[in-house]
file entry34.txt (compact mmCIF, C-alpha atoms)
# COMPACT_ATOMS: atom_id res chain seq x y z
CA TYR A 1 0.00 0.00 0.00
CA GLU A 2 1.04 3.63 -0.29
CA MET A 3 1.30 6.17 2.47
CA PHE A 4 -1.07 6.56 5.41
CA PRO A 5 -3.43 3.61 4.88
CA GLU A 6 -4.29 3.73 8.57
CA PHE A 7 -5.27 7.42 8.73
CA LYS A 8 -8.61 7.66 10.49
CA THR A 9 -11.28 10.31 10.31
CA ASP A 10 -11.02 10.82 14.06
CA GLY A 11 -7.34 11.82 13.85
CA ILE A 12 -5.87 15.23 14.53
CA TRP A 13 -6.06 16.16 10.86
CA ASP A 14 -9.79 16.88 11.15
CA GLU A 15 -9.39 18.28 14.70
CA GLY A 16 -11.42 15.39 16.13
CA LYS A 17 -11.00 13.99 19.62
CA VAL A 18 -9.69 10.65 20.75
CA ASP A 19 -12.19 8.13 22.05
CA ASP A 20 -11.80 7.09 25.66
CA LEU A 21 -9.86 3.87 26.01
CA PRO A 22 -10.13 1.43 28.94
CA ILE A 23 -7.26 1.22 31.39
CA LEU A 24 -5.30 -1.94 30.68
CA SER A 25 -4.42 -4.32 33.46
CA ILE A 26 -0.61 -4.50 33.42
CA LYS A 27 1.28 -7.10 35.41
CA TYR A 28 4.86 -6.89 36.61
CA ASN A 29 7.12 -9.89 36.14
CA THR A 30 10.11 -10.06 38.46
CA VAL A 31 11.73 -12.89 36.51
CA GLU A 32 10.55 -13.79 33.03
CA ASP A 33 11.00 -17.05 31.18
CA SER A 34 12.99 -16.52 28.01
CA THR A 35 10.34 -18.33 25.95
CA ALA A 36 7.89 -15.44 26.51
CA VAL A 37 10.36 -12.66 25.84
CA GLU A 38 11.53 -11.40 22.46
CA LEU A 39 14.06 -8.82 21.35
CA ASP A 40 13.48 -5.64 19.38
CA GLY A 41 16.69 -5.98 17.38
CA ALA A 42 16.84 -6.02 13.60
CA LEU A 43 18.25 -9.57 13.56
CA ALA A 44 16.44 -10.96 16.57
CA ALA A 45 16.67 -14.54 15.34
CA ALA A 46 20.44 -14.47 15.79
CA ALA A 47 20.20 -13.20 19.35
CA THR A 48 19.60 -16.57 20.99
CA ALA A 49 23.37 -17.02 21.26
CA ASP A 50 25.52 -15.22 23.81
CA ASN A 51 26.65 -11.91 22.29
CA SER A 52 28.55 -10.53 25.26
CA ASP A 53 31.72 -10.18 23.19
CA LEU A 54 30.10 -7.85 20.68
CA THR A 55 30.66 -4.12 21.02
CA PRO A 56 28.25 -1.37 19.95
CA THR A 57 28.90 0.30 16.64
CA GLU A 58 30.18 3.85 17.08
CA ASP A 59 27.78 6.46 15.74
CA THR A 60 29.62 9.21 13.92
CA ASP A 61 26.44 10.97 12.81
CA GLY A 62 25.18 11.77 16.30
CA LEU A 63 23.06 14.67 17.42
CA PHE A 64 26.14 16.61 18.45
CA SER A 65 28.45 15.65 15.56
CA SER A 66 30.83 18.31 14.26
CA ALA A 67 28.84 18.55 11.04
CA SER A 68 25.76 19.75 12.93
CA ARG A 69 27.51 22.45 14.99
CA ALA A 70 27.16 26.09 14.15
CA PRO A 71 30.30 28.22 13.79
CA GLU A 72 31.60 29.72 17.01
CA ALA A 73 30.46 33.25 17.71
CA THR A 74 33.15 35.90 17.56
CA LYS A 75 31.86 37.51 20.76
CA PRO A 76 30.02 35.91 23.70
CA TYR A 77 26.33 36.73 23.94
CA PRO A 78 25.81 39.08 26.91
CA ILE A 79 23.43 37.22 29.22
CA LYS A 80 22.32 39.46 32.09
CA ARG A 81 19.26 37.60 33.30
CA ASP A 82 19.06 35.39 36.37
CA PHE A 83 18.53 31.77 35.30
CA SER A 84 18.87 30.23 38.75
CA ALA A 85 15.11 29.55 39.08
CA LEU A 86 13.75 26.48 37.26
CA PRO A 87 10.38 27.20 35.63
CA ALA A 88 7.84 24.71 34.33
CA TYR A 89 6.55 24.52 30.77
CA GLY A 90 3.08 25.99 30.43
CA MET A 91 0.80 23.15 29.38
CA THR A 92 -2.06 25.62 28.84
CA LYS A 93 0.18 28.04 26.97
CA ARG A 94 -1.54 27.32 23.65
CA ARG A 95 -5.06 26.43 22.61
CA ASN A 96 -4.49 22.66 22.74
CA LYS A 97 -2.59 20.81 25.44
CA GLY A 98 -0.56 18.33 23.44
CA ILE A 99 -0.30 15.98 20.53
CA CYS A 100 0.92 12.38 20.77
CA LEU A 101 2.04 10.58 17.62
CA ILE A 102 2.34 6.79 17.89
CA ILE A 103 4.08 4.72 15.21
CA ASN A 104 3.85 0.98 15.86
CA ASN A 105 5.78 -1.24 13.45
CA GLU A 106 4.62 -4.75 14.29
CA ASN A 107 4.15 -6.76 11.07
CA TYR A 108 7.39 -7.30 9.13
CA LYS A 109 6.05 -9.53 6.35
CA LYS A 110 7.20 -7.01 3.71
CA ALA A 111 10.74 -7.23 5.03
CA ARG A 112 10.66 -11.03 4.97
CA ASP A 113 9.29 -10.96 1.41
CA ALA A 114 12.40 -8.96 0.51
CA ASN A 115 14.57 -11.70 2.06
CA ARG A 116 15.33 -9.66 5.20
CA ASP A 117 15.42 -11.54 8.49
CA TYR A 118 12.82 -9.79 10.66
CA ARG A 119 10.32 -11.34 13.03
CA ASP A 120 6.93 -9.78 13.77
CA ARG A 121 6.94 -7.78 17.02
CA LYS A 122 4.31 -9.78 18.90
CA GLY A 123 2.90 -7.95 21.92
CA SER A 124 3.57 -4.48 20.52
CA SER A 125 -0.16 -3.83 20.12
CA VAL A 126 -0.44 -4.03 23.93
CA ASP A 127 2.11 -1.22 24.18
CA ALA A 128 0.19 0.84 21.62
CA GLU A 129 -3.09 0.54 23.54
CA SER A 130 -1.36 1.50 26.79
CA ILE A 131 0.17 4.62 25.23
CA LYS A 132 -3.17 5.59 23.68
CA ASP A 133 -4.88 5.18 27.03
CA VAL A 134 -2.37 7.18 29.08
CA PHE A 135 -1.94 10.15 26.76
CA GLY A 136 -5.64 10.23 25.87
CA LYS A 137 -6.48 10.58 29.55
CA LEU A 138 -3.81 13.28 29.89
CA GLY A 139 -5.75 15.34 27.36
CA PHE A 140 -3.50 14.81 24.34
CA TYR A 141 -4.73 14.35 20.80
CA VAL A 142 -3.50 10.91 19.76
CA GLU A 143 -2.61 9.98 16.19
CA TYR A 144 -1.89 6.28 15.72
CA GLN A 145 -0.07 4.80 12.72
CA LYS A 146 1.12 1.24 12.27
CA ASN A 147 3.34 -0.82 9.98
CA LEU A 148 4.99 2.00 8.06
CA THR A 149 7.55 1.57 5.30
CA LYS A 150 10.46 3.98 5.24
CA SER A 151 8.79 5.99 2.47
CA SER A 152 5.56 6.23 4.46
CA MET A 153 7.41 7.26 7.62
CA ASP A 154 9.31 9.97 5.73
CA LYS A 155 6.09 11.37 4.31
CA LEU A 156 4.30 11.21 7.66
CA ILE A 157 7.05 13.11 9.47
CA ASP A 158 7.14 15.73 6.71
CA MET A 159 3.35 16.12 6.95
CA ILE A 160 3.47 16.64 10.72
CA VAL A 161 6.28 19.19 10.51
CA ARG A 162 4.20 21.16 7.99
CA PHE A 163 0.88 20.64 9.85
CA ASN A 164 -0.68 24.11 9.89
CA SER A 165 -2.20 23.70 13.38
CA LEU A 166 0.99 22.43 15.01
CA ASN A 167 1.57 25.83 16.61
CA THR A 168 -1.64 25.43 18.66
CA TYR A 169 -0.20 22.62 20.82
CA SER A 170 1.69 23.12 24.09
CA CYS A 171 3.58 19.80 23.96
CA PHE A 172 4.63 17.29 21.31
CA VAL A 173 5.17 13.59 22.05
CA ALA A 174 6.24 10.99 19.48
CA VAL A 175 6.38 7.27 20.31
CA PHE A 176 8.23 4.91 17.98
CA MET A 177 7.93 1.15 18.53
CA SER A 178 10.00 -0.84 16.10
CA HIS A 179 12.90 -3.17 15.52
CA GLY A 180 16.15 -1.27 15.62
CA GLU A 181 19.90 -1.50 15.54
CA ASN A 182 22.58 1.04 16.46
CA GLU A 183 20.93 4.47 16.08
CA SER A 184 18.28 3.54 13.49
CA LEU A 185 14.71 2.26 13.44
CA SER A 186 13.81 -0.62 11.12
CA CYS A 187 10.70 0.06 9.04
CA VAL A 188 8.42 -2.80 8.00
CA ASP A 189 10.01 -3.05 4.54
CA GLY A 190 13.41 -3.68 6.15
CA HIS A 191 14.85 -0.25 5.41
CA ASP A 192 16.34 1.83 8.22
CA LYS A 193 15.37 5.31 9.36
CA LYS A 194 18.02 7.17 11.35
CA ILE A 195 16.78 8.45 14.70
CA ASP A 196 18.87 11.60 14.29
CA ASP A 197 17.05 12.35 11.02
CA ILE A 198 13.69 12.11 12.81
CA ILE A 199 14.79 14.41 15.63
CA ASN A 200 16.47 16.88 13.28
CA ALA A 201 13.17 17.32 11.44
CA PHE A 202 11.65 18.82 14.60
CA LYS A 203 14.51 21.15 15.54
CA GLY A 204 13.82 24.85 15.70
CA ASP A 205 15.31 25.69 12.33
CA ASN A 206 13.23 23.01 10.57
CA CYS A 207 10.04 23.18 12.65
CA PRO A 208 9.65 26.71 14.07
CA ALA A 209 6.06 25.97 15.14
CA LEU A 210 7.45 23.99 18.08
CA ASN A 211 10.12 26.47 19.19
CA GLY A 212 10.09 26.75 22.97
CA ILE A 213 7.65 23.82 23.21
CA PRO A 214 8.71 20.56 24.90
CA LYS A 215 9.27 17.68 22.47
CA TRP A 216 9.42 14.20 23.98
CA PHE A 217 10.53 11.28 21.82
CA ILE A 218 9.96 7.78 23.23
CA ILE A 219 11.78 5.03 21.36
CA GLN A 220 11.10 1.35 22.01
CA ALA A 221 13.72 -0.46 19.94
CA CYS A 222 17.01 -2.29 20.28
CA ARG A 223 20.20 -0.27 19.91
CA GLY A 224 22.73 -3.04 19.35
CA LYS A 225 23.45 -6.74 19.78
CA ASN A 226 24.76 -6.86 23.35
CA PHE A 227 22.93 -8.28 26.34
CA ASN A 228 23.04 -6.30 29.59
CA TYR A 229 24.02 -8.83 32.26
CA GLU A 230 23.43 -8.07 35.91
CA VAL A 231 26.16 -7.00 38.34
CA VAL A 232 26.22 -6.56 42.12
CA GLN A 233 25.54 -3.15 43.68
CA HIS A 234 27.48 -2.55 46.90
CA ASP A 235 25.95 0.73 48.09
CA ALA A 236 22.69 2.57 47.51
CA PRO A 237 22.13 6.21 46.52
CA GLY A 238 20.44 8.77 48.74
CA ASP A 239 17.43 10.93 48.07
CA ASP A 240 17.30 14.53 46.90
CA GLY A 241 14.74 16.90 45.40
CA GLN A 242 14.25 20.30 43.81
CA ASP A 243 11.58 22.94 43.84
CA VAL A 244 10.27 24.29 40.55
CA GLU A 245 9.58 28.01 40.20
CA ARG A 246 8.15 30.15 37.45
CA GLN A 247 10.30 32.40 35.28
CA SER A 248 9.47 35.70 33.67
CA ASP A 249 7.97 35.77 30.18
CA LYS A 250 10.71 37.90 28.61
CA PRO A 251 11.81 36.39 25.27
CA ILE A 252 15.27 34.86 25.01
CA CYS A 253 17.20 33.17 22.20
CA ILE A 254 17.58 29.40 22.45
CA PRO A 255 19.56 26.74 20.56
CA SER A 256 17.70 24.98 17.76
CA CYS A 257 17.99 21.66 19.61
CA ALA A 258 16.59 23.01 22.88
CA ASP A 259 13.49 21.61 24.61
CA PHE A 260 13.95 17.99 23.51
CA TYR A 261 13.67 14.98 25.78
CA ILE A 262 14.55 11.63 24.20
CA SER A 263 13.76 8.37 25.99
CA TYR A 264 15.34 5.17 24.74
CA ALA A 265 14.21 1.75 25.92
CA THR A 266 17.80 0.67 26.32
CA ALA A 267 21.36 1.99 26.51
CA PRO A 268 23.46 2.27 23.33
CA GLY A 269 24.68 -1.08 22.02
CA TYR A 270 22.16 -3.25 23.87
CA TYR A 271 19.01 -5.23 23.19
CA SER A 272 15.61 -4.31 24.61
CA PHE A 273 13.05 -6.92 25.67
CA ARG A 274 9.38 -7.39 24.81
CA ASN A 275 6.94 -9.88 26.32
CA ILE A 276 4.81 -11.41 23.55
CA ASN A 277 1.71 -11.30 25.77
CA GLU A 278 2.13 -8.11 27.84
CA GLY A 279 4.25 -5.86 25.65
CA SER A 280 7.72 -4.40 26.14
CA TRP A 281 9.30 -3.93 29.55
CA PHE A 282 10.04 -0.26 28.93
CA ILE A 283 6.63 0.85 27.61
CA ASN A 284 4.87 -1.26 30.24
CA ASP A 285 6.71 0.42 33.12
CA LEU A 286 6.56 3.86 31.48
CA CYS A 287 2.76 3.75 31.23
CA ASN A 288 2.39 2.50 34.80
CA VAL A 289 4.59 5.31 36.12
CA LEU A 290 2.68 7.93 34.11
CA ARG A 291 -0.60 6.61 35.49
CA GLN A 292 0.64 6.82 39.07
CA TYR A 293 2.81 9.94 39.13
CA SER A 294 2.01 12.28 36.21
CA HIS A 295 -0.33 14.26 38.47
CA ARG A 296 2.56 15.38 40.71
CA GLU A 297 5.97 14.68 39.15
CA ASP A 298 7.85 16.02 36.15
CA VAL A 299 8.92 13.83 33.23
CA ASN A 300 12.58 13.62 34.22
CA THR A 301 11.71 12.40 37.72
CA MET A 302 9.21 9.89 36.35
CA MET A 303 11.74 8.55 33.86
CA THR A 304 14.16 7.96 36.72
CA ARG A 305 11.42 5.84 38.29
CA VAL A 306 11.06 3.97 34.99
CA ASN A 307 14.82 3.42 34.92
CA ARG A 308 14.69 1.94 38.40
CA ASN A 309 11.65 -0.25 37.70
CA VAL A 310 13.11 -1.71 34.51
CA ALA A 311 16.69 -2.06 35.78
CA LEU A 312 15.86 -3.60 39.16
CA GLY A 313 12.46 -5.17 38.61
CA ARG A 314 12.91 -6.92 35.26
CA VAL A 315 15.14 -9.86 34.42
CA VAL A 316 15.08 -12.76 31.99
CA THR A 317 16.87 -16.03 32.57
CA SER A 318 19.21 -17.68 30.07
CA GLU A 319 21.85 -20.37 30.07
CA PHE A 320 24.47 -17.60 30.02
CA GLY A 321 23.17 -15.71 33.06
CA TYR A 322 20.56 -13.15 34.08
CA ARG A 323 19.85 -10.53 31.40
CA ARG A 324 18.58 -7.08 32.31
CA GLN A 325 17.79 -3.81 30.57
CA MET A 326 18.77 -0.19 31.26
CA PRO A 327 16.68 2.63 29.73
CA CYS A 328 18.55 5.74 28.65
CA HIS A 329 17.45 9.37 28.30
CA VAL A 330 18.82 12.51 26.69
CA ASN A 331 17.60 15.67 28.45
CA MET A 332 17.72 18.96 26.54
CA LEU A 333 14.75 20.54 28.32
CA THR A 334 15.10 24.09 29.59
CA SER A 335 12.19 23.87 32.05
CA ALA A 336 10.49 21.19 34.10
CA LEU A 337 7.94 19.23 32.06
CA TYR A 338 4.72 18.36 33.90
CA LEU A 339 2.18 16.49 31.79
CA SER A 340 -0.78 17.15 34.06
CA SER A 341 -2.07 20.49 35.28
CA VAL A 342 -4.07 18.66 37.98
CA ARG A 343 -1.78 17.70 40.84
CA ASN A 344 -4.16 15.78 43.09
CA SER A 345 -5.43 12.68 41.27
CA GLN A 346 -4.03 9.70 39.44
CA LEU A 347 -5.08 8.71 35.93

call {"tool": "encode", "arguments": {"input": "entry34.txt", "output": "structure tokens"}}
result
Amino acid sequence: YEMFPEFKTDGIWDEGKVDDLPILSIKYNTVEDSTAVELDGALAAAATADNSDLTPTEDTDGLFSSASRAPEATKPYPIKRDFSALPAYGMTKRRNKGICLIINNENYKKARDANRDYRDRKGSSVDAESIKDVFGKLGFYVEYQKNLTKSSMDKLIDMIVRFNSLNTYSCFVAVFMSHGENESLSCVDGHDKKIDDIINAFKGDNCPALNGIPKWFIIQACRGKNFNYEVVQHDAPGDDGQDVERQSDKPICIPSCADFYISYATAPGYYSFRNINEGSWFINDLCNVLRQYSHREDVNTMMTRVNRNVALGRVVTSEFGYRRQMPCHVNMLTSALYLSSVRNSQL
């Protein structure tokens, strides 16, 4: 099929609203049998062997590569304001609260037809329903797309960047669930889409409608062929906290890559895990944390909770040892990001 076969009439393109979705019953598994867990790597069939000797491929086209840096200014910009206070993003700053784009690549028959070794991502539909439920209840418009080829994904991203009502939203969230390897997502036709290319499309110089608006990218995919084996922790961290205060509304200049928050299911070079019945570890724990804490905690704090839940509460057994997973986040926010304006009730 060609682009956007799954576009629905109740999507954001006709300014419709998302139907209410039931809250899913999500279970936590402390130790999972390897027969119920799959990997989100591009060559998942080869991952049954021990790959502890493999090293992640170095990414030379990263977000902060030398090719993407602007020339150094001849004189430093005279900053005279006090930036010691940490404000929060205004979630009622614009007419609409937020938009959540979900891309769920689950069926890889097209890739297999092209002689590419990809398994279907069983259980990913559970993740998709959980994300729909959480962000729908948070008041976001939700646009759901599934099983996109690289061409379709390119056209979809270009359409969103040029969406004439994008400047009416106070927050942008994009969730990508796919096979992946290194720093790319694997589309259903087996072709790769670089994550940096996706993020660059929404930078301030390419998408000015979202300047100063928080942009959260959630990526459920493998990032390499290594397994993350458990180690022993000898001491525990303490607790700390910060207060969030408002800042004045005076305009300031910001970098084009400001106000991004990127959440990866796993650290660079490692596999991520997905239960074929209950969905991926990362999305499962992320949705549960959002349901419990989005009414009173900011995104960065909640993602630390997700890190802890996945890292300490999830493990799969194998003949080579206990395999775990460590989510990873890149924080370029300039304010605290609270998803809920109501601080006294759970979702």

call {"tool": "atom_distance", "arguments": {"input": "entry34.txt", "atom1": "atom CA of A:Asn275", "atom2": "atom CA of A:Asn228"}}
result
16.8 Å

call {"tool": "closest_residue", "arguments": {"input": "entry34.txt", "among": "A:Asp196, A:Leu39, A:Asn182, A:Glu278", "to": "A:Arg323", "atoms": "all atoms listed in the file"}}
result
A:Leu39

call {"tool": "atom_distance", "arguments": {"input": "entry34.txt", "atom1": "atom CA of A:Ala111", "atom2": "atom CA of A:Lys155"}}
result
19.2 Å

call {"tool": "atom_distance", "arguments": {"input": "entry34.txt", "atom1": "atom CA of A:Asp298", "atom2": "atom CA of A:Thr334"}}
result
12.7 Å

call {"tool": "closest_residue", "arguments": {"input": "entry34.txt", "among": "A:Asp120, A:Glu129, A:Asp40, A:Glu319", "to": "A:Thr266", "atoms": "all atoms listed in the file"}}
result
A:Asp40

call {"tool": "residues_around", "arguments": {"input": "entry34.txt", "residues": "stretch 174-179 of chain A", "least_positions_apart": "2", "cutoff": "7 Å", "atoms": "only C-alpha atoms", "output": "list in words"}}
result
Asp40, Gly41, Ala42, Cys100, Leu101, Ile102, Ile103, Asn104, Asn105, Glu106, Phe172, Leu185, Ser186, Trp216, Phe217, Ile218, Ile219, Gln220, Ala221 and Cys222 of chain A

call {"tool": "write_last_selection", "arguments": {"input": "entry34.txt", "atoms": "C-alpha atoms", "output": "compact mmCIF listing (two decimals), in the frame of the given file"}}
result
# COMPACT_ATOMS: atom_id res chain seq x y z
CA ASP A 40 13.48 -5.64 19.38
CA GLY A 41 16.69 -5.98 17.38
CA ALA A 42 16.84 -6.02 13.60
CA CYS A 100 0.92 12.38 20.77
CA LEU A 101 2.04 10.58 17.62
CA ILE A 102 2.34 6.79 17.89
CA ILE A 103 4.08 4.72 15.21
CA ASN A 104 3.85 0.98 15.86
CA ASN A 105 5.78 -1.24 13.45
CA GLU A 106 4.62 -4.75 14.29
CA PHE A 172 4.63 17.29 21.31
CA LEU A 185 14.71 2.26 13.44
CA SER A 186 13.81 -0.62 11.12
CA TRP A 216 9.42 14.20 23.98
CA PHE A 217 10.53 11.28 21.82
CA ILE A 218 9.96 7.78 23.23
CA ILE A 219 11.78 5.03 21.36
CA GLN A 220 11.10 1.35 22.01
CA ALA A 221 13.72 -0.46 19.94
CA CYS A 222 17.01 -2.29 20.28

call {"tool": "closest_residue", "arguments": {"input": "entry34.txt", "among": "A:Ala36, A:Ile198, A:Val173, A:Cys207", "to": "A:Gly123", "atoms": "only C-alpha atoms"}}
result
A:Ala36

call {"tool": "residues_around", "arguments": {"input": "entry34.txt", "residues": "A:Arg94", "least_positions_apart": "3", "cutoff": "8 Å", "atoms": "only C-alpha atoms", "output": "ChimeraX atom specification"}}
result
/A:91,97,167-170

call {"tool": "closest_residue", "arguments": {"input": "entry34.txt", "among": "A:Asp205, A:Asp285, A:Asp189, A:Asp154", "to": "A:Arg112", "atoms": "only C-alpha atoms"}}
result
A:Asp189

call {"tool": "closest_residue", "arguments": {"input": "entry34.txt", "among": "A:Phe135, A:Tyr141, A:Phe227, A:Phe163", "to": "A:Phe320", "atoms": "all atoms listed in the file"}}
result
A:Phe227

call {"tool": "residues_around", "arguments": {"input": "entry34.txt", "residues": "A:Ala201", "least_positions_apart": "2", "cutoff": "12 Å", "atoms": "only C-alpha atoms", "output": "list in words"}}
result
Leu63, Asp154, Lys155, Leu156, Ile157, Asp158, Met159, Ile160, Val161, Arg162, Lys194, Ile195, Asp196, Asp197, Ile198, Ile199, Lys203, Gly204, Asp205, Asn206, Cys207, Pro208, Ala209, Leu210, Lys215, Ser256 and Cys257 of chain A

call {"tool": "residues_around", "arguments": {"input": "entry34.txt", "residues": "A:Tyr338", "least_positions_apart": "3", "cutoff": "12 Å", "atoms": "only C-alpha atoms", "output": "ChimeraX atom specification"}}
result
/A:87-92,97-98,138,170-171,214,216,244,290,293-302,333,335,341-343

call {"tool": "build_atoms", "arguments": {"input": "entry34.txt", "residues": "stretch 86-94 of chain A", "atoms": "all heavy atoms", "output": "PDB file, in the coordinates of the input"}}
result
ATOM      1  N   LEU A  86      14.172  27.453  38.275  1.00  0.00           N
ATOM      2  CA  LEU A  86      13.750  26.480  37.260  1.00  0.00           C
ATOM      3  C   LEU A  86      12.246  26.579  37.036  1.00  0.00           C
ATOM      4  O   LEU A  86      11.464  26.195  37.908  1.00  0.00           O
ATOM      5  CB  LEU A  86      14.117  25.060  37.689  1.00  0.00           C
ATOM      6  CG  LEU A  86      13.727  23.947  36.707  1.00  0.00           C
ATOM      7  CD1 LEU A  86      14.468  24.117  35.388  1.00  0.00           C
ATOM      8  CD2 LEU A  86      14.011  22.577  37.315  1.00  0.00           C
ATOM      9  N   PRO A  87      11.814  27.086  35.894  1.00  0.00           N
ATOM     10  CA  PRO A  87      10.380  27.200  35.630  1.00  0.00           C
ATOM     11  C   PRO A  87       9.811  25.880  35.133  1.00  0.00           C
ATOM     12  O   PRO A  87      10.535  24.904  34.940  1.00  0.00           O
ATOM     13  CB  PRO A  87      10.319  28.258  34.529  1.00  0.00           C
ATOM     14  CG  PRO A  87      11.589  28.021  33.756  1.00  0.00           C
ATOM     15  CD  PRO A  87      12.626  27.619  34.780  1.00  0.00           C
ATOM     16  N   ALA A  88       8.516  25.862  34.926  1.00  0.00           N
ATOM     17  CA  ALA A  88       7.840  24.710  34.330  1.00  0.00           C
ATOM     18  C   ALA A  88       7.229  25.144  33.002  1.00  0.00           C
ATOM     19  O   ALA A  88       6.799  26.289  32.847  1.00  0.00           O
ATOM     20  CB  ALA A  88       6.760  24.175  35.265  1.00  0.00           C
ATOM     21  N   TYR A  89       7.204  24.221  32.039  1.00  0.00           N
ATOM     22  CA  TYR A  89       6.550  24.520  30.770  1.00  0.00           C
ATOM     23  C   TYR A  89       5.057  24.755  31.008  1.00  0.00           C
ATOM     24  O   TYR A  89       4.424  24.050  31.803  1.00  0.00           O
ATOM     25  CB  TYR A  89       6.719  23.366  29.787  1.00  0.00           C
ATOM     26  CG  TYR A  89       8.117  23.200  29.253  1.00  0.00           C
ATOM     27  CD1 TYR A  89       8.950  22.199  29.735  1.00  0.00           C
ATOM     28  CD2 TYR A  89       8.609  24.033  28.244  1.00  0.00           C
ATOM     29  CE1 TYR A  89      10.237  22.033  29.238  1.00  0.00           C
ATOM     30  CE2 TYR A  89       9.885  23.874  27.742  1.00  0.00           C
ATOM     31  CZ  TYR A  89      10.702  22.878  28.239  1.00  0.00           C
ATOM     32  OH  TYR A  89      11.969  22.721  27.746  1.00  0.00           O
ATOM     33  N   GLY A  90       4.507  25.721  30.299  1.00  0.00           N
ATOM     34  CA  GLY A  90       3.080  25.990  30.430  1.00  0.00           C
ATOM     35  C   GLY A  90       2.258  25.074  29.551  1.00  0.00           C
ATOM     36  O   GLY A  90       2.254  25.219  28.325  1.00  0.00           O
ATOM     37  N   MET A  91       1.574  24.122  30.160  1.00  0.00           N
ATOM     38  CA  MET A  91       0.800  23.150  29.380  1.00  0.00           C
ATOM     39  C   MET A  91      -0.531  23.718  28.908  1.00  0.00           C
ATOM     40  O   MET A  91      -1.264  23.069  28.169  1.00  0.00           O
ATOM     41  CB  MET A  91       0.578  21.880  30.200  1.00  0.00           C
ATOM     42  CG  MET A  91       1.866  21.144  30.520  1.00  0.00           C
ATOM     43  SD  MET A  91       2.795  20.660  29.040  1.00  0.00           S
ATOM     44  CE  MET A  91       1.758  19.316  28.443  1.00  0.00           C
ATOM     45  N   THR A  92      -0.867  24.925  29.352  1.00  0.00           N
ATOM     46  CA  THR A  92      -2.060  25.620  28.840  1.00  0.00           C
ATOM     47  C   THR A  92      -1.636  26.866  28.068  1.00  0.00           C
ATOM     48  O   THR A  92      -2.422  27.779  27.870  1.00  0.00           O
ATOM     49  CB  THR A  92      -3.005  25.982  29.986  1.00  0.00           C
ATOM     50  OG1 THR A  92      -2.312  26.806  30.927  1.00  0.00           O
ATOM     51  CG2 THR A  92      -3.512  24.733  30.684  1.00  0.00           C
ATOM     52  N   LYS A  93      -0.386  26.873  27.644  1.00  0.00           N
ATOM     53  CA  LYS A  93       0.180  28.040  26.970  1.00  0.00           C
ATOM     54  C   LYS A  93      -0.493  28.288  25.628  1.00  0.00           C
ATOM     55  O   LYS A  93      -0.669  29.427  25.197  1.00  0.00           O
ATOM     56  CB  LYS A  93       1.683  27.809  26.775  1.00  0.00           C
ATOM     57  CG  LYS A  93       2.438  28.947  26.130  1.00  0.00           C
ATOM     58  CD  LYS A  93       3.928  28.609  26.064  1.00  0.00           C
ATOM     59  CE  LYS A  93       4.723  29.726  25.428  1.00  0.00           C
ATOM     60  NZ  LYS A  93       6.179  29.407  25.372  1.00  0.00           N
ATOM     61  N   ARG A  94      -0.887  27.216  24.951  1.00  0.00           N
ATOM     62  CA  ARG A  94      -1.540  27.320  23.650  1.00  0.00           C
ATOM     63  C   ARG A  94      -2.939  26.743  23.730  1.00  0.00           C
ATOM     64  O   ARG A  94      -3.361  26.195  24.755  1.00  0.00           O
ATOM     65  CB  ARG A  94      -0.706  26.594  22.591  1.00  0.00           C
ATOM     66  CG  ARG A  94       0.670  27.224  22.366  1.00  0.00           C
ATOM     67  CD  ARG A  94       1.446  26.501  21.290  1.00  0.00           C
ATOM     68  NE  ARG A  94       2.695  27.179  20.965  1.00  0.00           N
ATOM     69  CZ  ARG A  94       3.529  26.780  20.013  1.00  0.00           C
ATOM     70  NH1 ARG A  94       3.245  25.701  19.286  1.00  0.00           N
ATOM     71  NH2 ARG A  94       4.643  27.442  19.768  1.00  0.00           N
TER      72      ARG A  94
END
